[in-house]
file coords_14.pdb (PDB, C-alpha atoms)
ATOM      1  CA  MET K1448     302.732 135.530  87.678
ATOM      2  CA  LEU K1449     306.459 136.153  87.035
ATOM      3  CA  GLU K1450     307.378 136.349  83.361
ATOM      4  CA  PRO K1451     310.329 134.227  82.272
ATOM      5  CA  THR K1452     313.523 136.207  81.732
ATOM      6  CA  ASN K1453     315.176 133.608  79.516
ATOM      7  CA  SER K1454     318.072 133.654  81.955
ATOM      8  CA  VAL K1455     319.697 130.402  82.888
ATOM      9  CA  TYR K1456     320.509 131.914  86.263
ATOM     10  CA  LEU K1457     317.221 133.497  87.328
ATOM     11  CA  ASP K1458     314.605 131.260  85.692
ATOM     12  CA  PRO K1459     313.892 127.968  87.480
ATOM     13  CA  PRO K1460     314.711 124.819  85.550
ATOM     14  CA  ARG K1461     311.751 123.624  83.573
ATOM     15  CA  SER K1462     310.689 120.068  84.179
ATOM     16  CA  PRO K1463     309.167 118.172  81.300
ATOM     17  CA  ARG K1464     305.394 118.036  81.405
ATOM     18  CA  VAL K1465     303.693 114.661  81.513
ATOM     19  CA  ALA K1466     301.029 114.251  78.906
ATOM     20  CA  PRO K1467     297.646 113.672  80.561
ATOM     21  CA  THR K1468     295.834 110.415  80.006
ATOM     22  CA  PRO K1469     293.230 110.806  77.248
ATOM     23  CA  ARG K1470     289.652 111.091  78.487
ATOM     24  CA  SER K1471     288.598 108.333  76.118
ATOM     25  CA  THR K1472     290.901 105.907  77.944
ATOM     26  CA  HIS K1473     289.422 106.889  81.301
ATOM     27  CA  ARG K1474     285.920 106.512  79.933
ATOM     28  CA  GLY K1475     286.675 103.069  78.523
ATOM     29  CA  ARG K1476     288.124 101.852  81.802
ATOM     30  CA  ALA K1477     285.126 103.239  83.678
ATOM     31  CA  VAL K1478     282.698 101.403  81.370
ATOM     32  CA  VAL K1479     284.525  98.093  81.752
ATOM     33  CA  ALA K1480     284.712  98.543  85.521
ATOM     34  CA  GLY K1481     280.990  99.379  85.570
ATOM     35  CA  VAL K1482     280.188  96.085  83.871
ATOM     36  CA  PHE K1483     282.400  94.236  86.353
ATOM     37  CA  ILE K1484     280.863  95.930  89.365
ATOM     38  CA  PHE K1485     277.349  95.132  88.092
ATOM     39  CA  VAL K1486     278.212  91.456  87.651
ATOM     40  CA  GLY K1487     279.998  91.358  90.994
ATOM     41  CA  LEU K1488     277.194  92.986  92.988
ATOM     42  CA  LEU K1489     274.556  90.837  91.301
ATOM     43  CA  SER K1490     276.582  87.720  92.125
ATOM     44  CA  LEU K1491     277.082  88.953  95.677
ATOM     45  CA  THR K1492     273.318  89.414  96.042
ATOM     46  CA  VAL K1493     272.703  85.857  94.856
ATOM     47  CA  ALA K1494     275.455  84.550  97.156
ATOM     48  CA  ALA K1495     274.000  86.363 100.182
ATOM     49  CA  THR K1496     270.531  84.958  99.479
ATOM     50  CA  LEU K1497     271.822  81.428  98.965
ATOM     51  CA  SER K1498     273.971  81.556 102.097
ATOM     52  CA  GLY K1499     270.934  82.598 104.152
ATOM     53  CA  LEU K1500     268.876  79.761 102.697
ATOM     54  CA  ARG K1501     271.708  77.316 103.272
ATOM     55  CA  ALA K1502     271.993  78.342 106.913
ATOM     56  CA  MET K1503     268.288  77.680 107.509
ATOM     57  CA  VAL K1504     268.273  74.444 105.502
ATOM     58  CA  HIS K1505     271.236  72.807 107.228
ATOM     59  CA  ASP K1506     270.666  74.128 110.754
ATOM     60  CA  SER K1507     268.414  71.604 112.471
ATOM     61  CA  GLU K1508     269.116  73.245 115.830
ATOM     62  CA  ALA K1509     267.502  76.444 114.566
ATOM     63  CA  LEU K1510     264.418  74.431 113.612
ATOM     64  CA  SER K1511     264.289  72.891 117.080
ATOM     65  CA  ASP K1512     264.554  76.311 118.716
ATOM     66  CA  ALA K1513     261.805  77.616 116.436
ATOM     67  CA  ILE K1514     259.496  74.788 117.555
ATOM     68  CA  ASP K1515     260.116  75.566 121.227
ATOM     69  CA  THR K1516     259.541  79.277 120.632
ATOM     70  CA  THR K1517     256.306  78.521 118.806
ATOM     71  CA  LEU K1518     255.002  76.272 121.554
ATOM     72  CA  ASP K1519     255.783  78.901 124.205
ATOM     73  CA  GLU K1520     253.801  81.635 122.445
ATOM     74  CA  PRO K1521     250.449  82.145 124.250
ATOM     75  CA  VAL K1522     248.523  82.994 121.084
ATOM     76  CA  VAL K1523     249.912  79.942 119.317
ATOM     77  CA  GLN K1524     249.170  77.672 122.269
ATOM     78  CA  GLU K1525     245.439  78.302 121.887
ATOM     79  CA  GLU K1526     245.670  77.432 118.214
ATOM     80  CA  ILE K1527     247.698  74.264 118.852
ATOM     81  CA  GLU K1528     245.394  73.227 121.685
ATOM     82  CA  ARG K1529     242.454  73.165 119.270
ATOM     83  CA  GLU K1530     244.501  71.091 116.800
ATOM     84  CA  ILE K1531     245.549  68.620 119.489
ATOM     85  CA  ALA K1532     242.014  68.304 120.835
ATOM     86  CA  ASP K1533     240.750  67.667 117.326
ATOM     87  CA  ALA K1534     243.520  65.094 116.693
ATOM     88  CA  ILE K1535     242.685  63.253 119.932
ATOM     89  CA  GLU K1536     238.980  63.087 119.125
ATOM     90  CA  LYS K1537     239.365  62.088 115.475
ATOM     91  CA  GLY K1538     242.650  60.211 115.614
ATOM     92  CA  LEU K1539     242.875  58.456 118.946
ATOM     93  CA  LEU K1540     239.179  58.159 119.836
ATOM     94  CA  ASP K1541     237.942  57.976 116.221
ATOM     95  CA  LEU K1542     234.861  60.090 116.943
ATOM     96  CA  ASP K1543     232.720  61.841 114.348
ATOM     97  CA  ASP K1544     232.391  65.617 114.323
ATOM     98  CA  ASN K1545     228.933  65.557 115.852
ATOM     99  CA  ALA K1546     229.522  62.676 118.227
ATOM    100  CA  LEU K1547     228.872  63.320 121.897
ATOM    101  CA  VAL K1548     230.317  60.646 124.164
ATOM    102  CA  THR K1549     229.961  60.448 127.917
ATOM    103  CA  VAL K1550     232.050  58.018 129.964
ATOM    104  CA  VAL K1551     231.192  57.586 133.656
ATOM    105  CA  GLY K1552     229.616  61.018 133.695
ATOM    106  CA  LEU K1553     232.581  62.510 131.800
ATOM    107  CA  GLU K1554     231.932  64.468 128.595
ATOM    108  CA  VAL K1555     234.708  63.542 126.184
ATOM    109  CA  SER K1556     234.956  66.836 124.251
ATOM    110  CA  VAL K1557     235.231  68.870 127.448
ATOM    111  CA  GLU K1558     237.805  66.467 128.875
ATOM    112  CA  VAL K1559     239.879  66.587 125.695
ATOM    113  CA  GLU K1560     239.913  70.376 125.789
ATOM    114  CA  ARG K1561     241.146  70.181 129.386
ATOM    115  CA  LEU K1562     243.911  67.764 128.460
ATOM    116  CA  ALA K1563     245.191  69.698 125.411
ATOM    117  CA  PRO K1564     247.169  72.324 127.420
ATOM    118  CA  LEU K1565     248.658  69.555 129.550
ATOM    119  CA  VAL K1566     249.789  67.727 126.432
ATOM    120  CA  ILE K1567     251.559  70.839 125.105
ATOM    121  CA  ALA K1568     253.362  71.335 128.426
ATOM    122  CA  ASP K1569     254.496  67.708 128.595
ATOM    123  CA  PRO K1570     258.292  67.419 127.967
ATOM    124  CA  ALA K1571     257.948  64.020 126.300
ATOM    125  CA  PHE K1572     255.391  65.376 123.838
ATOM    126  CA  ARG K1573     257.632  68.338 122.985
ATOM    127  CA  ALA K1574     260.614  66.077 122.419
ATOM    128  CA  GLU K1575     258.664  63.792 120.094
ATOM    129  CA  LEU K1576     257.160  66.775 118.272
ATOM    130  CA  ARG K1577     260.637  68.157 117.608
ATOM    131  CA  ALA K1578     261.750  64.733 116.401
ATOM    132  CA  ILE K1579     258.838  64.396 113.958
ATOM    133  CA  PHE K1580     259.438  67.891 112.548
ATOM    134  CA  ILE K1581     263.137  67.206 112.093
ATOM    135  CA  GLU K1582     262.345  63.923 110.377
ATOM    136  CA  GLY K1583     259.974  65.677 107.998
ATOM    137  CA  HIS K1584     262.637  68.330 107.416
ATOM    138  CA  GLN K1585     265.138  65.644 106.473
ATOM    139  CA  ARG K1586     262.718  63.894 104.141
ATOM    140  CA  ILE K1587     261.694  67.056 102.321
ATOM    141  CA  LEU K1588     265.194  68.465 101.850
ATOM    142  CA  PHE K1589     267.702  65.613 102.008
ATOM    143  CA  GLU K1590     266.298  62.053 102.133
ATOM    144  CA  PRO K1591     263.000  61.658 100.263
ATOM    145  CA  SER K1592     260.870  58.657 101.154
ATOM    146  CA  THR K1593     257.376  57.413 100.380
ATOM    147  CA  ALA K1594     257.065  55.699 103.754
ATOM    148  CA  THR K1595     254.476  56.944 106.199
ATOM    149  CA  LEU K1596     255.766  59.179 108.957
ATOM    150  CA  ASP K1597     255.969  57.283 112.233
ATOM    151  CA  PHE K1598     253.637  59.023 114.681
ATOM    152  CA  SER K1599     253.667  56.180 117.201
ATOM    153  CA  PRO K1600     256.189  57.894 119.552
ATOM    154  CA  ILE K1601     254.207  61.118 119.689
ATOM    155  CA  THR K1602     251.000  59.085 120.099
ATOM    156  CA  ALA K1603     252.586  57.290 123.042
ATOM    157  CA  ALA K1604     253.494  60.639 124.608
ATOM    158  CA  VAL K1605     249.892  61.856 124.306
ATOM    159  CA  LEU K1606     248.558  58.582 125.713
ATOM    160  CA  GLY K1607     250.917  58.949 128.636
ATOM    161  CA  VAL K1608     249.381  62.309 129.505
ATOM    162  CA  ILE K1609     245.845  60.934 129.098
ATOM    163  CA  GLU K1610     246.547  57.910 131.293
ATOM    164  CA  ARG K1611     248.104  60.090 133.966
ATOM    165  CA  GLU K1612     245.509  62.862 133.970
ATOM    166  CA  SER K1613     242.319  61.066 132.869
ATOM    167  CA  PRO K1614     242.324  57.271 133.409
ATOM    168  CA  GLU K1615     238.619  57.070 132.544
ATOM    169  CA  LEU K1616     239.227  58.518 129.085
ATOM    170  CA  ALA K1617     242.259  56.275 128.565
ATOM    171  CA  ARG K1618     240.048  53.186 128.873
ATOM    172  CA  ILE K1619     238.113  54.009 125.704
ATOM    173  CA  VAL K1620     241.169  54.751 123.523
ATOM    174  CA  PRO K1621     241.721  51.934 120.979
ATOM    175  CA  ASP K1622     245.210  50.458 121.041
ATOM    176  CA  GLU K1623     245.773  50.552 117.254
ATOM    177  CA  ASN K1624     244.832  54.185 116.643
ATOM    178  CA  LEU K1625     247.428  56.923 115.987
ATOM    179  CA  LEU K1626     247.207  60.596 116.770
ATOM    180  CA  LEU K1627     247.873  61.524 113.144
ATOM    181  CA  THR K1628     248.866  59.847 109.903
ATOM    182  CA  ILE K1629     250.856  61.499 107.098
ATOM    183  CA  ASP K1630     251.871  59.565 103.997
ATOM    184  CA  GLY K1631     255.336  60.171 102.575
ATOM    185  CA  ASP K1632     253.813  60.881  99.143
ATOM    186  CA  ARG K1633     252.163  64.015 100.512
ATOM    187  CA  LEU K1634     255.492  65.592 101.444
ATOM    188  CA  PRO K1635     257.136  67.788  98.786
ATOM    189  CA  ASP K1636     260.491  66.730  97.347
ATOM    190  CA  LEU K1637     263.018  69.590  97.408
ATOM    191  CA  THR K1638     266.155  67.479  97.391
ATOM    192  CA  ALA K1639     267.203  68.525  93.865
ATOM    193  CA  PRO K1640     267.281  72.301  94.582
ATOM    194  CA  VAL K1641     269.012  71.701  97.926
ATOM    195  CA  ALA K1642     271.628  69.458  96.285
ATOM    196  CA  GLY K1643     272.520  72.246  93.835
ATOM    197  CA  LEU K1644     272.574  74.923  96.526
ATOM    198  CA  ASP K1645     276.270  74.586  97.367
ATOM    199  CA  ARG K1646     277.303  74.569  93.703
ATOM    200  CA  ALA K1647     275.241  77.661  92.942
ATOM    201  CA  LEU K1648     276.697  79.403  95.995
ATOM    202  CA  MET K1649     280.245  78.611  94.867
ATOM    203  CA  ILE K1650     279.570  79.930  91.345
ATOM    204  CA  ALA K1651     278.072  83.131  92.741
ATOM    205  CA  LEU K1652     281.097  83.672  94.992
ATOM    206  CA  VAL K1653     283.459  83.178  92.047
ATOM    207  CA  PHE K1654     281.616  85.769  89.958
ATOM    208  CA  SER K1655     281.607  88.183  92.895
ATOM    209  CA  LEU K1656     285.398  88.412  92.452
ATOM    210  CA  ALA K1657     284.582  90.853  89.657
ATOM    211  CA  ILE K1658     284.326  93.527  92.362
ATOM    212  CA  PRO K1659     288.085  93.670  93.157
ATOM    213  CA  LEU K1660     288.785  93.530  89.401
ATOM    214  CA  ALA K1661     286.545  96.567  88.973
ATOM    215  CA  ALA K1662     288.488  98.372  91.708
ATOM    216  CA  ILE K1663     291.737  97.660  89.847
ATOM    217  CA  ILE K1664     290.418  98.778  86.460
ATOM    218  CA  HIS K1665     288.386 101.849  87.412
ATOM    219  CA  PRO K1666     290.330 105.142  87.202
ATOM    220  CA  HIS K1667     288.520 106.373  90.333
ATOM    221  CA  ARG K1668     288.538 103.574  92.885
ATOM    222  CA  HIS K1669     286.520 105.500  95.423
ATOM    223  CA  ARG K1670     283.479 105.018  93.170
ATOM    224  CA  VAL K1671     283.778 101.248  93.437
ATOM    225  CA  LEU K1672     284.054 101.612  97.204
ATOM    226  CA  ALA K1673     280.924 103.767  97.233
ATOM    227  CA  TRP K1674     278.981 101.254  95.109
ATOM    228  CA  VAL K1675     279.876  98.376  97.408
ATOM    229  CA  GLY K1676     278.976 100.477 100.451
ATOM    230  CA  ARG K1677     275.578 101.379  99.004
ATOM    231  CA  TRP K1678     274.987  97.715  98.198
ATOM    232  CA  LEU K1679     275.760  96.753 101.801
ATOM    233  CA  ILE K1680     273.328  99.379 103.097
ATOM    234  CA  THR K1681     270.648  98.104 100.718
ATOM    235  CA  ALA K1682     271.362  94.495 101.684
ATOM    236  CA  GLY K1683     271.064  95.394 105.374
ATOM    237  CA  MET K1684     267.718  97.086 104.780
ATOM    238  CA  ALA K1685     266.519  94.098 102.731
ATOM    239  CA  GLY K1686     267.569  91.701 105.498
ATOM    240  CA  GLY K1687     265.681  93.726 108.086
ATOM    241  CA  LEU K1688     262.571  93.854 105.901
ATOM    242  CA  ALA K1689     262.798  90.094 105.290
ATOM    243  CA  ALA K1690     263.039  89.416 109.032
ATOM    244  CA  VAL K1691     259.832  91.403 109.560
ATOM    245  CA  GLY K1692     257.909  90.729 106.349
ATOM    246  CA  LEU K1693     258.473  87.012 105.725
ATOM    247  CA  PRO K1694     256.731  85.858 108.955
ATOM    248  CA  TYR K1695     253.742  88.067 108.186
ATOM    249  CA  LEU K1696     253.576  86.727 104.632
ATOM    250  CA  ALA K1697     253.912  83.099 105.768
ATOM    251  CA  GLY K1698     251.174  83.553 108.374
ATOM    252  CA  ASN K1699     248.742  85.057 105.862
ATOM    253  CA  LEU K1700     249.422  82.400 103.229
ATOM    254  CA  SER K1701     249.064  79.475 105.635
ATOM    255  CA  GLY K1702     246.325  80.921 107.815
ATOM    256  CA  TYR K1703     248.101  79.758 110.991
ATOM    257  CA  THR K1704     249.638  81.970 113.629
ATOM    258  CA  ALA K1705     251.950  79.103 114.544
ATOM    259  CA  VAL K1706     253.557  79.267 111.098
ATOM    260  CA  GLU K1707     254.087  83.012 111.459
ATOM    261  CA  VAL K1708     255.765  82.611 114.856
ATOM    262  CA  ALA K1709     257.945  79.724 113.636
ATOM    263  CA  VAL K1710     259.119  81.661 110.579
ATOM    264  CA  ARG K1711     259.813  84.706 112.748
ATOM    265  CA  ALA K1712     261.940  82.562 115.052
ATOM    266  CA  LEU K1713     264.017  81.547 112.016
ATOM    267  CA  THR K1714     264.246  84.920 110.256
ATOM    268  CA  VAL K1715     265.139  86.843 113.416
ATOM    269  CA  ARG K1716     268.662  85.533 112.859
ATOM    270  CA  LEU K1717     268.876  87.830 109.836
ATOM    271  CA  LEU K1718     268.773  90.976 111.974
ATOM    272  CA  GLY K1719     272.354  90.631 113.233
ATOM    273  CA  PRO K1720     273.994  90.309 109.795
ATOM    274  CA  ALA K1721     271.664  93.021 108.458
ATOM    275  CA  VAL K1722     272.797  95.507 111.106
ATOM    276  CA  VAL K1723     276.468  94.651 110.523
ATOM    277  CA  ALA K1724     276.055  95.039 106.751
ATOM    278  CA  GLY K1725     274.399  98.436 107.197
ATOM    279  CA  ILE K1726     277.149  99.715 109.509
ATOM    280  CA  VAL K1727     279.964  98.487 107.248
ATOM    281  CA  GLY K1728     278.190  99.990 104.255
ATOM    282  CA  MET K1729     277.949 103.410 105.914
ATOM    283  CA  VAL K1730     281.634 103.250 106.816
ATOM    284  CA  MET K1731     282.561 102.401 103.223
ATOM    285  CA  VAL K1732     280.395 105.185 101.789
ATOM    286  CA  SER K1733     281.965 107.677 104.224
ATOM    287  CA  ALA K1734     285.462 106.483 103.305
ATOM    288  CA  ALA K1735     284.610 106.830  99.604
ATOM    289  CA  ALA K1736     283.450 110.408 100.200
ATOM    290  CA  VAL K1737     286.727 111.234 101.959
ATOM    291  CA  LEU K1738     288.783 109.713  99.141
ATOM    292  CA  LYS K1739     286.728 111.585  96.568
ATOM    293  CA  SER K1740     287.314 114.880  98.385
ATOM    294  CA  ARG K1741     291.056 114.212  98.520
ATOM    295  CA  GLU K1742     291.160 113.378  94.836
ATOM    296  CA  ARG K1743     289.320 116.586  93.925
ATOM    297  CA  ARG K1744     291.702 118.606  96.097
ATOM    298  CA  ARG K1745     294.717 116.952  94.490
ATOM    299  CA  ILE K1746     293.411 117.582  90.977
ATOM    300  CA  ALA K1747     292.687 121.213  91.862
ATOM    301  CA  ASP K1748     296.183 121.675  93.279
ATOM    302  CA  GLU K1749     297.787 120.094  90.234
ATOM    303  CA  GLY K1750     295.705 122.257  87.924
ATOM    304  CA  ALA K1751     296.614 125.415  89.814
ATOM    305  CA  ALA K1752     300.290 124.445  89.818
ATOM    306  CA  ALA K1753     300.222 123.791  86.094
ATOM    307  CA  ALA K1754     298.487 127.122  85.423
ATOM    308  CA  LEU K1755     301.016 129.054  87.533
ATOM    309  CA  GLY K1756     303.989 127.164  86.171
ATOM    310  CA  VAL K1757     304.944 126.017  89.635
ATOM    311  CA  HIS K1758     306.534 122.602  89.976
ATOM    312  CA  GLU K1759     307.141 120.841  93.265
ATOM    313  CA  PRO K1760     310.671 119.592  93.878
ATOM    314  CA  PRO K1761     311.174 115.852  93.649
ATOM    315  CA  LEU K1762     310.528 113.936  96.859
ATOM    316  CA  ILE K1763     313.885 112.113  96.648
ATOM    317  CA  THR K1764     316.845 114.430  96.097
ATOM    318  CA  THR K1765     320.087 113.217  94.569
ATOM    319  CA  GLN K1766     323.476 113.728  96.088
ATOM    320  CA  ALA K1767     324.879 117.114  95.005
ATOM    321  CA  SER K1768     328.030 117.026  92.961
ATOM    322  CA  PRO K1769     331.085 118.594  94.576
ATOM    323  CA  GLN K1770     331.510 120.513  91.333
ATOM    324  CA  LEU K1771     329.572 123.776  91.292
ATOM    325  CA  GLU K1772     326.513 123.820  89.089
ATOM    326  CA  LEU K1773     327.505 127.177  87.596
ATOM    327  CA  SER K1774     330.696 125.712  86.254
ATOM    328  CA  GLN K1775     328.656 123.323  84.132
ATOM    329  CA  ARG K1776     327.008 126.199  82.321
ATOM    330  CA  GLY K1777     330.094 127.363  80.541
ATOM    331  CA  LEU K1778     332.528 130.200  81.094
ATOM    332  CA  VAL K1779     331.210 133.433  82.576
ATOM    333  CA  ASP K1780     332.712 136.846  81.753
ATOM    334  CA  ALA K1781     333.020 138.662  85.062
ATOM    335  CA  GLY K1782     333.130 141.994  83.242
ATOM    336  CA  ARG K1783     329.573 141.541  81.944
ATOM    337  CA  PRO K1784     326.382 141.501  83.989
ATOM    338  CA  LEU K1785     325.175 138.135  85.158
ATOM    339  CA  THR K1786     321.793 138.565  83.505
ATOM    340  CA  ASP K1787     320.563 139.676  80.154
ATOM    341  CA  ILE K1788     317.835 141.850  81.616
TER     342      ILE K1788
END
call {"tool": "encode", "arguments": {"input": "coords_14.pdb", "output": "structure tokens"}}
result
Amino acid sequence: MLEPTNSVYLDPPRSPRVAPTPRSTHRGRAVVAGVFIFVGLLSLTVAATLSGLRAMVHDSEALSDAIDTTLDEPVVQEEIEREIADAIEKGLLDLDDNALVTVVGLEVSVEVERLAPLVIADPAFRAELRAIFIEGHQRILFEPSTATLDFSPITAAVLGVIERESPELARIVPDENLLLTIDGDRLPDLTAPVAGLDRALMIALVFSLAIPLAAIIHPHRHRVLAWVGRWLITAGMAGGLAAVGLPYLAGNLSGYTAVEVAVRALTVRLLGPAVVAGIVGMVMVSAAAVLKSRERRRIADEGAAAALGVHEPPLITTQASPQLELSQRGLVDAGRPLTDI
């Protein structure tokens, strides 16, 4: 390194050094930003969960599609056929478990088992089944009622299949019987949690604004970017696990394959947002790594420049004065050397 000569002509002009920001200030800002990012990510997690629940609660079309998907599943069809056959025997025909009825040489239990697949394939039955599920969905989540669910339309659809495919069996069906009866008191009432869903979602979104505040406060913004990116990757993985695990859990708890297939038809919609969240998260983590590398390189360059006493010229230069700079330094004796070396 060149030693200063104390010459106003040979030594470069010394620019005033800027005092570095105290480490305690940086540490305090980092702590405050850490609290903000924790609150923001926690609120964002709650908001993502509530938005997913809200989408399933308010989307009746998704419920209708899930019913169709469930009815088209071969494994589920066998399960539903047994339920329909049992409902016809006990509901419409009002037969005991051990009753064996023969009509004109026709065994009722065998005939009912033959009719069950035809009932499932009947478009009118499917339409009424969707309608009864949507009505139950509305009562449980939005409009509670103690009235008995009206199964007369779905009963009429089943009777239509029986009359068309087995007129002999249709003759012994009582007119006043229904396929199934469910009292409104047996349905759970979830209207209160659903009513507060939008308010809770709005509060969570407001608190998630702590994330941009953390980016403003933190002395190293790339860390906030990395935290948000890691959260997105974790959220994507959680969404994928939920899409796979929730149907399995619902099927084991209920004991019905139909419930597992129906829940899978609803949760499969989580895969798209989960993949997008994972990709965006990886992009943000990569961008944070690039910004961190640039910051380290800049700090290293500034440290080396400070150690060597090298100062970069200002980016914006001022207009040079027509008067020579040497003339501003006082008179110079031409008979003496220009330096004091």
call {"tool": "resolve_selection", "arguments": {"input": "coords_14.pdb", "expression": "the PyMOL selection byres ((chain K and resi 1585) around 12)", "output": "compact mmCIF listing (two decimals) with C-alpha atoms, in the frame of the given file"}}
result
# COMPACT_ATOMS: atom_id res chain seq x y z
CA VAL K 1504 268.27 74.44 105.50
CA HIS K 1505 271.24 72.81 107.23
CA ASP K 1506 270.67 74.13 110.75
CA SER K 1507 268.41 71.60 112.47
CA LEU K 1510 264.42 74.43 113.61
CA ALA K 1578 261.75 64.73 116.40
CA ILE K 1579 258.84 64.40 113.96
CA PHE K 1580 259.44 67.89 112.55
CA ILE K 1581 263.14 67.21 112.09
CA GLU K 1582 262.35 63.92 110.38
CA GLY K 1583 259.97 65.68 108.00
CA HIS K 1584 262.64 68.33 107.42
CA ARG K 1586 262.72 63.89 104.14
CA ILE K 1587 261.69 67.06 102.32
CA LEU K 1588 265.19 68.46 101.85
CA PHE K 1589 267.70 65.61 102.01
CA GLU K 1590 266.30 62.05 102.13
CA PRO K 1591 263.00 61.66 100.26
CA SER K 1592 260.87 58.66 101.15
CA LEU K 1596 255.77 59.18 108.96
CA GLY K 1631 255.34 60.17 102.58
CA LEU K 1634 255.49 65.59 101.44
CA PRO K 1635 257.14 67.79 98.79
CA ASP K 1636 260.49 66.73 97.35
CA LEU K 1637 263.02 69.59 97.41
CA THR K 1638 266.15 67.48 97.39
CA VAL K 1641 269.01 71.70 97.93
call {"tool": "residues_around", "arguments": {"input": "coords_14.pdb", "residues": "K:Leu1738", "least_positions_apart": "5", "cutoff": "12 Å", "atoms": "only C-alpha atoms", "output": "PyMOL selection string"}}
result
chain K and resi 1667-1673+1731-1733+1743-1745
call {"tool": "residues_around", "arguments": {"input": "coords_14.pdb", "residues": "K:Leu1626", "least_positions_apart": "3", "cutoff": "12 Å", "atoms": "all atoms listed in the file", "output": "PyMOL selection string"}}
result
chain K and resi 1530-1541+1572+1576+1596-1606+1620-1623+1629
call {"tool": "atom_distance", "arguments": {"input": "coords_14.pdb", "atom1": "atom CA of K:Met1729", "atom2": "atom CA of K:Ala1685"}}
result
15.1 Å
call {"tool": "atom_distance", "arguments": {"input": "coords_14.pdb", "atom1": "atom CA of K:Leu1489", "atom2": "atom CA of K:Leu1713"}}
result
25.0 Å
call {"tool": "resolve_selection", "arguments": {"input": "coords_14.pdb", "expression": "the PyMOL selection byres ((chain K and resi 1681) around 12)", "output": "list in words"}}
result
Leu1488, Thr1492, Trp1674, Val1675, Gly1676, Arg1677, Trp1678, Leu1679, Ile1680, Ala1682, Gly1683, Met1684, Ala1685, Gly1686, Gly1687, Leu1688, Ala1721, Val1722, Val1723, Ala1724, Gly1725, Ile1726, Val1727, Gly1728 and Met1729 of chain K
call {"tool": "atom_distance", "arguments": {"input": "coords_14.pdb", "atom1": "atom CA of K:Thr1516", "atom2": "atom CA of K:Ala1712"}}
result
6.9 Å
call {"tool": "closest_residue", "arguments": {"input": "coords_14.pdb", "among": "K:Ala1594, K:Ala1661, K:Val1557, K:Ala1574", "to": "K:Asp1630", "atoms": "all atoms listed in the file"}}
result
K:Ala1594
call {"tool": "resolve_selection", "arguments": {"input": "coords_14.pdb", "expression": "the PyMOL selection byres ((chain K and resi 1490) around 7)", "output": "list in words"}}
result
Val1486, Gly1487, Leu1488, Leu1489, Leu1491, Thr1492, Val1493, Ala1494, Ala1651, Leu1652, Phe1654 and Ser1655 of chain K
call {"tool": "axis_aligned_box", "arguments": {"input": "coords_14.pdb", "around": "stretch 1721-1738 of chain K", "padding_each_side": "8 Å", "output": "lines of an AutoDock Vina configuration file"}}
result
center_x = 280.2
center_y = 102.1
center_z = 105.1
size_x = 33.1
size_y = 34.2
size_z = 28.0
call {"tool": "closest_residue", "arguments": {"input": "coords_14.pdb", "among": "K:Ala1480, K:Ala1642, K:Val1523, K:Ile1746", "to": "K:Gly1698", "atoms": "all atoms listed in the file"}}
result
K:Val1523
call {"tool": "residues_around", "arguments": {"input": "coords_14.pdb", "residues": "K:Ala1502", "least_positions_apart": "5", "cutoff": "12 Å", "atoms": "all atoms listed in the file", "output": "list in words"}}
result
Ala1495, Thr1496, Leu1497, Ser1507, Glu1508, Ala1509, Leu1510, Val1641, Leu1644, Asp1645, Leu1648, Leu1713, Thr1714, Arg1716 and Leu1717 of chain K
call {"tool": "closest_residue", "arguments": {"input": "coords_14.pdb", "among": "K:Arg1577, K:Ile1650, K:Leu1696, K:Val1566", "to": "K:Ala1513", "atoms": "only C-alpha atoms"}}
result
K:Arg1577
call {"tool": "closest_residue", "arguments": {"input": "coords_14.pdb", "among": "K:Glu1575, K:Glu1615, K:Glu1707, K:Asp1569", "to": "K:Val1522", "atoms": "all atoms listed in the file"}}
result
K:Glu1707
call {"tool": "closest_residue", "arguments": {"input": "coords_14.pdb", "among": "K:Ala1705, K:Arg1474, K:Thr1595, K:Gly1481", "to": "K:Glu1528", "atoms": "only C-alpha atoms"}}
result
K:Ala1705
